[in-house]
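Trainee: Before we start, here is the structure in question, set down as structure tokens.
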Amino acid sequence: MTPSAAAPARGFVPLYTLAYCGLFVAFMPFVSILLQVKVVAIDPANRVALLGWAVLGGAVVASVANIAAGWLSDWHWRRTRSRRLPIAAGLLLLALAFAAIHRAVDRTTLLVAIGFWQVALNLMFAPMVAVMADEVPDAQKGRVSGLLGISHPIGVLSAAAVTVPLFPTEGTRFAANVALAALLIVPFLLFARERGAGGGGAPIGAETAAVVRGDLIRAWIARLAMQVAGNGLTAYAFFHFADRWRGSGDAAGPVAQAMAIVTAVVVVATIVAGRWSDRIGGRKPFLGGATLLVIAGLVGMAVAPGFIGAVVGYGIAQTGLSVFLALHSALAMQMLPSPETRGRDLAVLNLTNTLPACVPPLLAALVPAGAGLGAVFVVLTLVAGLGGGTALAIRSER
């Protein structure tokens, strides 16, 4: 690594963090609110089935599109040492995709438009993730991964922003969604300077390469397992809280308030953990500690008899999940075998984000009828333990 590439360019990290948040703004309002509204508008009688097909078909397209976009960004990076062009193209296509979704009038056109939207989104997502590996040195990856933890809350807030009375129609909401995403992403495209500060260009021997390949497989399994635990927790947390709510009225308000508090705690904890992992110089101790938090939180949710106990367990589990996933990303990027295939390799790792979409129906099939949601959280505890144990089995930490 040359001295000039010892750190990212000035202002790069803030611009990158904002752009990464822009990715979440690009999809969270749609998947959490706007898609459901569109489905009801097209086929209210079969809304559940149509939404299921939209989610399943979107996940399949996303899995393929992300790998293809990663490969494309690698090809472009080898020629220009930049990944901004694919991101810019994805942003433009995202606007066209939202227009297509708005104009969809039946099931077929909606599903095709959603597939187009997934292609556009992943054309941005795959190279944006790879940019961190390109530009952020290993000694700073924990800090930046922790900062990226704000992306999910920003995405949640953007879902509320595009549905305010200022945007009363479907068309204005889609336009607002695109505009908010562009507001965060375009400054990165215009002003960020890529200088290859991530390093990783030194060749490795055959024996070391074999170890790294094995560790990347372990990293993939570990992340998949922890994402499964996280998806299951998200899918069933509200039902679990509602079962334990003993106050007046329904549980929606108190649950929303509790989740907002938990989100604030999680963001702070993830940022702090990322900085500490950089100072210590290792990720695995934090992965182990985060796994213990996930296990403790899920067990707490399973056995807590009241609402407050369930909320505390949920907060502990979500904190562990956020820290684990952030620092797992930092560790996985450090292990990538070649800078020339970072986009493709990270896209394969990203399959762990789409495959867990099948978790809720699988859990419903595995847990005996009448066993209660406590049994669900016990199963998720075992899955999280598998993920954490696999991560700790990683042998290389470069």
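In the structure tokens, the first chain shown is A, the next is B, and so on; residue numbers restart at 1 for each chain, and ligands run from 1 in the order shown.
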So that I can check the surroundings of Thr234 (chain A), please list as a PDB file with N, CA and C atoms, in the first residue's frame every protein, DNA and RNA residue that reaches within 12 Å of it, counting only C-alpha atoms and ignoring chain neighbours fewer than 3 positions away.

Mentor:
ATOM      1  N   GLN A 227     -28.749 -14.060  10.204  1.00  0.00           N
ATOM      2  CA  GLN A 227     -29.823 -13.369   9.503  1.00  0.00           C
ATOM      3  C   GLN A 227     -31.146 -14.119   9.655  1.00  0.00           C
ATOM      4  N   VAL A 228     -31.085 -15.441   9.654  1.00  0.00           N
ATOM      5  CA  VAL A 228     -32.287 -16.240   9.890  1.00  0.00           C
ATOM      6  C   VAL A 228     -32.864 -15.922  11.265  1.00  0.00           C
ATOM      7  N   ALA A 229     -31.983 -15.877  12.270  1.00  0.00           N
ATOM      8  CA  ALA A 229     -32.438 -15.539  13.615  1.00  0.00           C
ATOM      9  C   ALA A 229     -33.053 -14.137  13.646  1.00  0.00           C
ATOM     10  N   GLY A 230     -32.418 -13.191  12.959  1.00  0.00           N
ATOM     11  CA  GLY A 230     -32.930 -11.828  12.930  1.00  0.00           C
ATOM     12  C   GLY A 230     -34.263 -11.719  12.219  1.00  0.00           C
ATOM     13  N   ASN A 231     -34.410 -12.417  11.077  1.00  0.00           N
ATOM     14  CA  ASN A 231     -35.676 -12.372  10.350  1.00  0.00           C
ATOM     15  C   ASN A 231     -36.807 -12.994  11.153  1.00  0.00           C
ATOM     16  N   ALA A 237     -41.921 -10.815  16.605  1.00  0.00           N
ATOM     17  CA  ALA A 237     -41.788 -10.009  17.821  1.00  0.00           C
ATOM     18  C   ALA A 237     -43.109  -9.347  18.203  1.00  0.00           C
ATOM     19  N   PHE A 238     -43.811  -8.755  17.232  1.00  0.00           N
ATOM     20  CA  PHE A 238     -45.043  -8.039  17.575  1.00  0.00           C
ATOM     21  C   PHE A 238     -46.080  -8.983  18.183  1.00  0.00           C
ATOM     22  N   PHE A 239     -46.266 -10.159  17.583  1.00  0.00           N
ATOM     23  CA  PHE A 239     -47.221 -11.110  18.136  1.00  0.00           C
ATOM     24  C   PHE A 239     -46.846 -11.487  19.566  1.00  0.00           C
ATOM     25  N   HIS A 240     -45.556 -11.660  19.807  1.00  0.00           N
ATOM     26  CA  HIS A 240     -45.072 -12.037  21.131  1.00  0.00           C
ATOM     27  C   HIS A 240     -45.351 -10.924  22.137  1.00  0.00           C
ATOM     28  N   PHE A 241     -45.082  -9.674  21.739  1.00  0.00           N
ATOM     29  CA  PHE A 241     -45.362  -8.544  22.625  1.00  0.00           C
ATOM     30  C   PHE A 241     -46.869  -8.436  22.902  1.00  0.00           C
ATOM     31  N   MET A 259     -39.907  -0.240  20.427  1.00  0.00           N
ATOM     32  CA  MET A 259     -38.995  -0.499  19.314  1.00  0.00           C
ATOM     33  C   MET A 259     -38.175   0.746  18.962  1.00  0.00           C
ATOM     34  N   LEU A 298     -32.887 -13.745  23.182  1.00  0.00           N
ATOM     35  CA  LEU A 298     -33.924 -14.653  22.694  1.00  0.00           C
ATOM     36  C   LEU A 298     -34.449 -15.552  23.801  1.00  0.00           C
ATOM     37  N   TYR A 314     -35.863  -8.420  23.836  1.00  0.00           N
ATOM     38  CA  TYR A 314     -35.813  -7.980  22.435  1.00  0.00           C
ATOM     39  C   TYR A 314     -34.685  -6.979  22.218  1.00  0.00           C
ATOM     40  N   GLY A 315     -34.541  -6.032  23.136  1.00  0.00           N
ATOM     41  CA  GLY A 315     -33.479  -5.030  23.006  1.00  0.00           C
ATOM     42  C   GLY A 315     -32.097  -5.657  23.057  1.00  0.00           C
ATOM     43  N   ALA A 317     -31.328  -8.800  22.298  1.00  0.00           N
ATOM     44  CA  ALA A 317     -31.126  -9.601  21.080  1.00  0.00           C
ATOM     45  C   ALA A 317     -30.834  -8.716  19.880  1.00  0.00           C
ATOM     46  N   GLN A 318     -31.574  -7.616  19.722  1.00  0.00           N
ATOM     47  CA  GLN A 318     -31.357  -6.733  18.580  1.00  0.00           C
ATOM     48  C   GLN A 318     -29.992  -6.053  18.654  1.00  0.00           C
ATOM     49  N   LEU A 321     -27.532  -8.678  17.501  1.00  0.00           N
ATOM     50  CA  LEU A 321     -27.645  -8.898  16.059  1.00  0.00           C
ATOM     51  C   LEU A 321     -26.983  -7.777  15.271  1.00  0.00           C
ATOM     52  N   PRO A 356     -33.061 -15.673   3.795  1.00  0.00           N
ATOM     53  CA  PRO A 356     -33.890 -15.791   5.003  1.00  0.00           C
ATOM     54  C   PRO A 356     -35.326 -15.313   4.847  1.00  0.00           C
ATOM     55  N   ALA A 357     -35.734 -14.854   3.664  1.00  0.00           N
ATOM     56  CA  ALA A 357     -37.126 -14.445   3.464  1.00  0.00           C
ATOM     57  C   ALA A 357     -38.095 -15.598   3.680  1.00  0.00           C
ATOM     58  N   VAL A 359     -37.948 -17.668   6.144  1.00  0.00           N
ATOM     59  CA  VAL A 359     -37.880 -18.084   7.551  1.00  0.00           C
ATOM     60  C   VAL A 359     -39.241 -18.213   8.215  1.00  0.00           C
ATOM     61  N   PRO A 360     -40.111 -17.188   8.161  1.00  0.00           N
ATOM     62  CA  PRO A 360     -41.373 -17.305   8.885  1.00  0.00           C
ATOM     63  C   PRO A 360     -42.198 -18.542   8.536  1.00  0.00           C
ATOM     64  N   VAL A 376     -40.729 -20.788  19.305  1.00  0.00           N
ATOM     65  CA  VAL A 376     -40.104 -20.176  18.136  1.00  0.00           C
ATOM     66  C   VAL A 376     -38.784 -19.528  18.525  1.00  0.00           C
ATOM     67  N   PHE A 377     -38.767 -18.806  19.634  1.00  0.00           N
ATOM     68  CA  PHE A 377     -37.554 -18.112  20.043  1.00  0.00           C
ATOM     69  C   PHE A 377     -36.481 -19.083  20.532  1.00  0.00           C
ATOM     70  N   LEU A 380     -34.875 -20.150  17.327  1.00  0.00           N
ATOM     71  CA  LEU A 380     -34.015 -19.070  16.852  1.00  0.00           C
ATOM     72  C   LEU A 380     -32.735 -18.970  17.676  1.00  0.00           C
TER      73      LEU A 380
END

Trainee: Which residues, written as an MDAnalysis selection string, have at least one atom at most 7 Å from region 76-79 of chain A, with only C-alpha atoms counted and residues fewer than 4 positions away on the same chain left out?

Mentor: chainID A and resid 72 83 340

Trainee: Could you dump the residues just selected with all heavy atoms as a PDB file, in the first residue's frame?

Mentor:
ATOM      1  N   LEU A  72     -20.367  -7.045 -12.715  1.00  0.00           N
ATOM      2  CA  LEU A  72     -20.267  -5.895 -13.610  1.00  0.00           C
ATOM      3  C   LEU A  72     -19.431  -4.781 -12.985  1.00  0.00           C
ATOM      4  O   LEU A  72     -18.594  -4.158 -13.660  1.00  0.00           O
ATOM      5  CB  LEU A  72     -21.664  -5.373 -13.945  1.00  0.00           C
ATOM      6  CG  LEU A  72     -21.727  -4.129 -14.844  1.00  0.00           C
ATOM      7  CD1 LEU A  72     -21.152  -4.450 -16.217  1.00  0.00           C
ATOM      8  CD2 LEU A  72     -23.161  -3.630 -14.956  1.00  0.00           C
ATOM      9  N   ARG A  83     -16.298   2.579  -9.030  1.00  0.00           N
ATOM     10  CA  ARG A  83     -17.564   1.856  -9.141  1.00  0.00           C
ATOM     11  C   ARG A  83     -18.754   2.820  -9.205  1.00  0.00           C
ATOM     12  O   ARG A  83     -19.904   2.403  -9.088  1.00  0.00           O
ATOM     13  CB  ARG A  83     -17.742   0.899  -7.944  1.00  0.00           C
ATOM     14  CG  ARG A  83     -16.658  -0.157  -7.829  1.00  0.00           C
ATOM     15  CD  ARG A  83     -16.932  -1.112  -6.689  1.00  0.00           C
ATOM     16  NE  ARG A  83     -15.772  -1.949  -6.390  1.00  0.00           N
ATOM     17  CZ  ARG A  83     -15.553  -3.163  -6.907  1.00  0.00           C
ATOM     18  NH1 ARG A  83     -16.441  -3.688  -7.743  1.00  0.00           N
ATOM     19  NH2 ARG A  83     -14.474  -3.846  -6.591  1.00  0.00           N
ATOM     20  N   GLU A 340      -9.855  -7.640  -7.228  1.00  0.00           N
ATOM     21  CA  GLU A 340     -10.481  -7.589  -8.543  1.00  0.00           C
ATOM     22  C   GLU A 340     -11.822  -8.305  -8.599  1.00  0.00           C
ATOM     23  O   GLU A 340     -12.538  -8.210  -9.597  1.00  0.00           O
ATOM     24  CB  GLU A 340      -9.528  -8.175  -9.589  1.00  0.00           C
ATOM     25  CG  GLU A 340      -8.248  -7.363  -9.739  1.00  0.00           C
ATOM     26  CD  GLU A 340      -7.469  -7.745 -10.969  1.00  0.00           C
ATOM     27  OE1 GLU A 340      -7.826  -8.755 -11.604  1.00  0.00           O
ATOM     28  OE2 GLU A 340      -6.520  -7.020 -11.315  1.00  0.00           O
TER      29      GLU A 340
END

Trainee: Calculated over only C-alpha atoms, which of the candidates A:Phe174, A:Leu331, A:Tyr16, A:Ser145 has the smallest distance to Val37 (chain A)?

Mentor: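 Result for the nearest residue to Val37 (chain A): A:Phe174.
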
Trainee: Write out, as a tab-separated table, each residue of region 145-220 of chain A that has an atom at most 12 Å from region 115-131 of chain A, together with the closest pair of atoms and their distance in Å to one decimal, counting only C-alpha atoms, rows going by chain and rising number.

Mentor:
residue	atom	partner	partner_atom	distance
A:Ser145	CA	A:Val129	CA	10.6
A:Leu148	CA	A:Val129	CA	10.7
A:Val178	CA	A:Leu121	CA	11.4
A:Ala181	CA	A:Leu121	CA	11.0
A:Ala182	CA	A:Met124	CA	11.6
A:Ile185	CA	A:Met124	CA	9.8
A:Val186	CA	A:Met124	CA	11.8
A:Phe188	CA	A:Met128	CA	10.3
A:Leu189	CA	A:Met128	CA	10.6
A:Ala192	CA	A:Val131	CA	11.0
A:Arg193	CA	A:Val131	CA	11.0
A:Glu194	CA	A:Val131	CA	8.4
A:Arg195	CA	A:Val131	CA	10.5
A:Gly196	CA	A:Val131	CA	9.1
A:Ala197	CA	A:Val131	CA	10.2
A:Gly198	CA	A:Val131	CA	8.8
A:Gly199	CA	A:Val131	CA	11.7

Trainee: Using DSSP on the backbone coordinates, identify the residues of region 19-184 of chain A assigned to alpha helix (DSSP H); present them as a PyMOL selection string.

Mentor: chain A and resi 19-29+35-42+47-80+84-103+107-135+141-147+151-161+170-184

Trainee: Select, from A:Pro86, A:Pro153, A:Gly309, A:Gly387, the residue with the minimum atom-to-atom distance to Phe24 (chain A), counting only C-alpha atoms.

Mentor: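 With only C-alpha atoms as the atom set, the closest residue is A:Pro153.
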
Trainee: My list of candidates is A:Ala49, A:Val212, A:Ile221, A:Ala89. Which is closest to Val383 (chain A) when distances are computed with only C-alpha atoms?

Mentor: A:Ile221

Trainee: Quick one: residues within 9 Å of Val262 (chain A), only C-alpha atoms counted, chain neighbours fewer than 4 positions away excluded, as a ChimeraX atom specification?

Mentor: /A:257-258,266-267,311-312,314-316,318-319
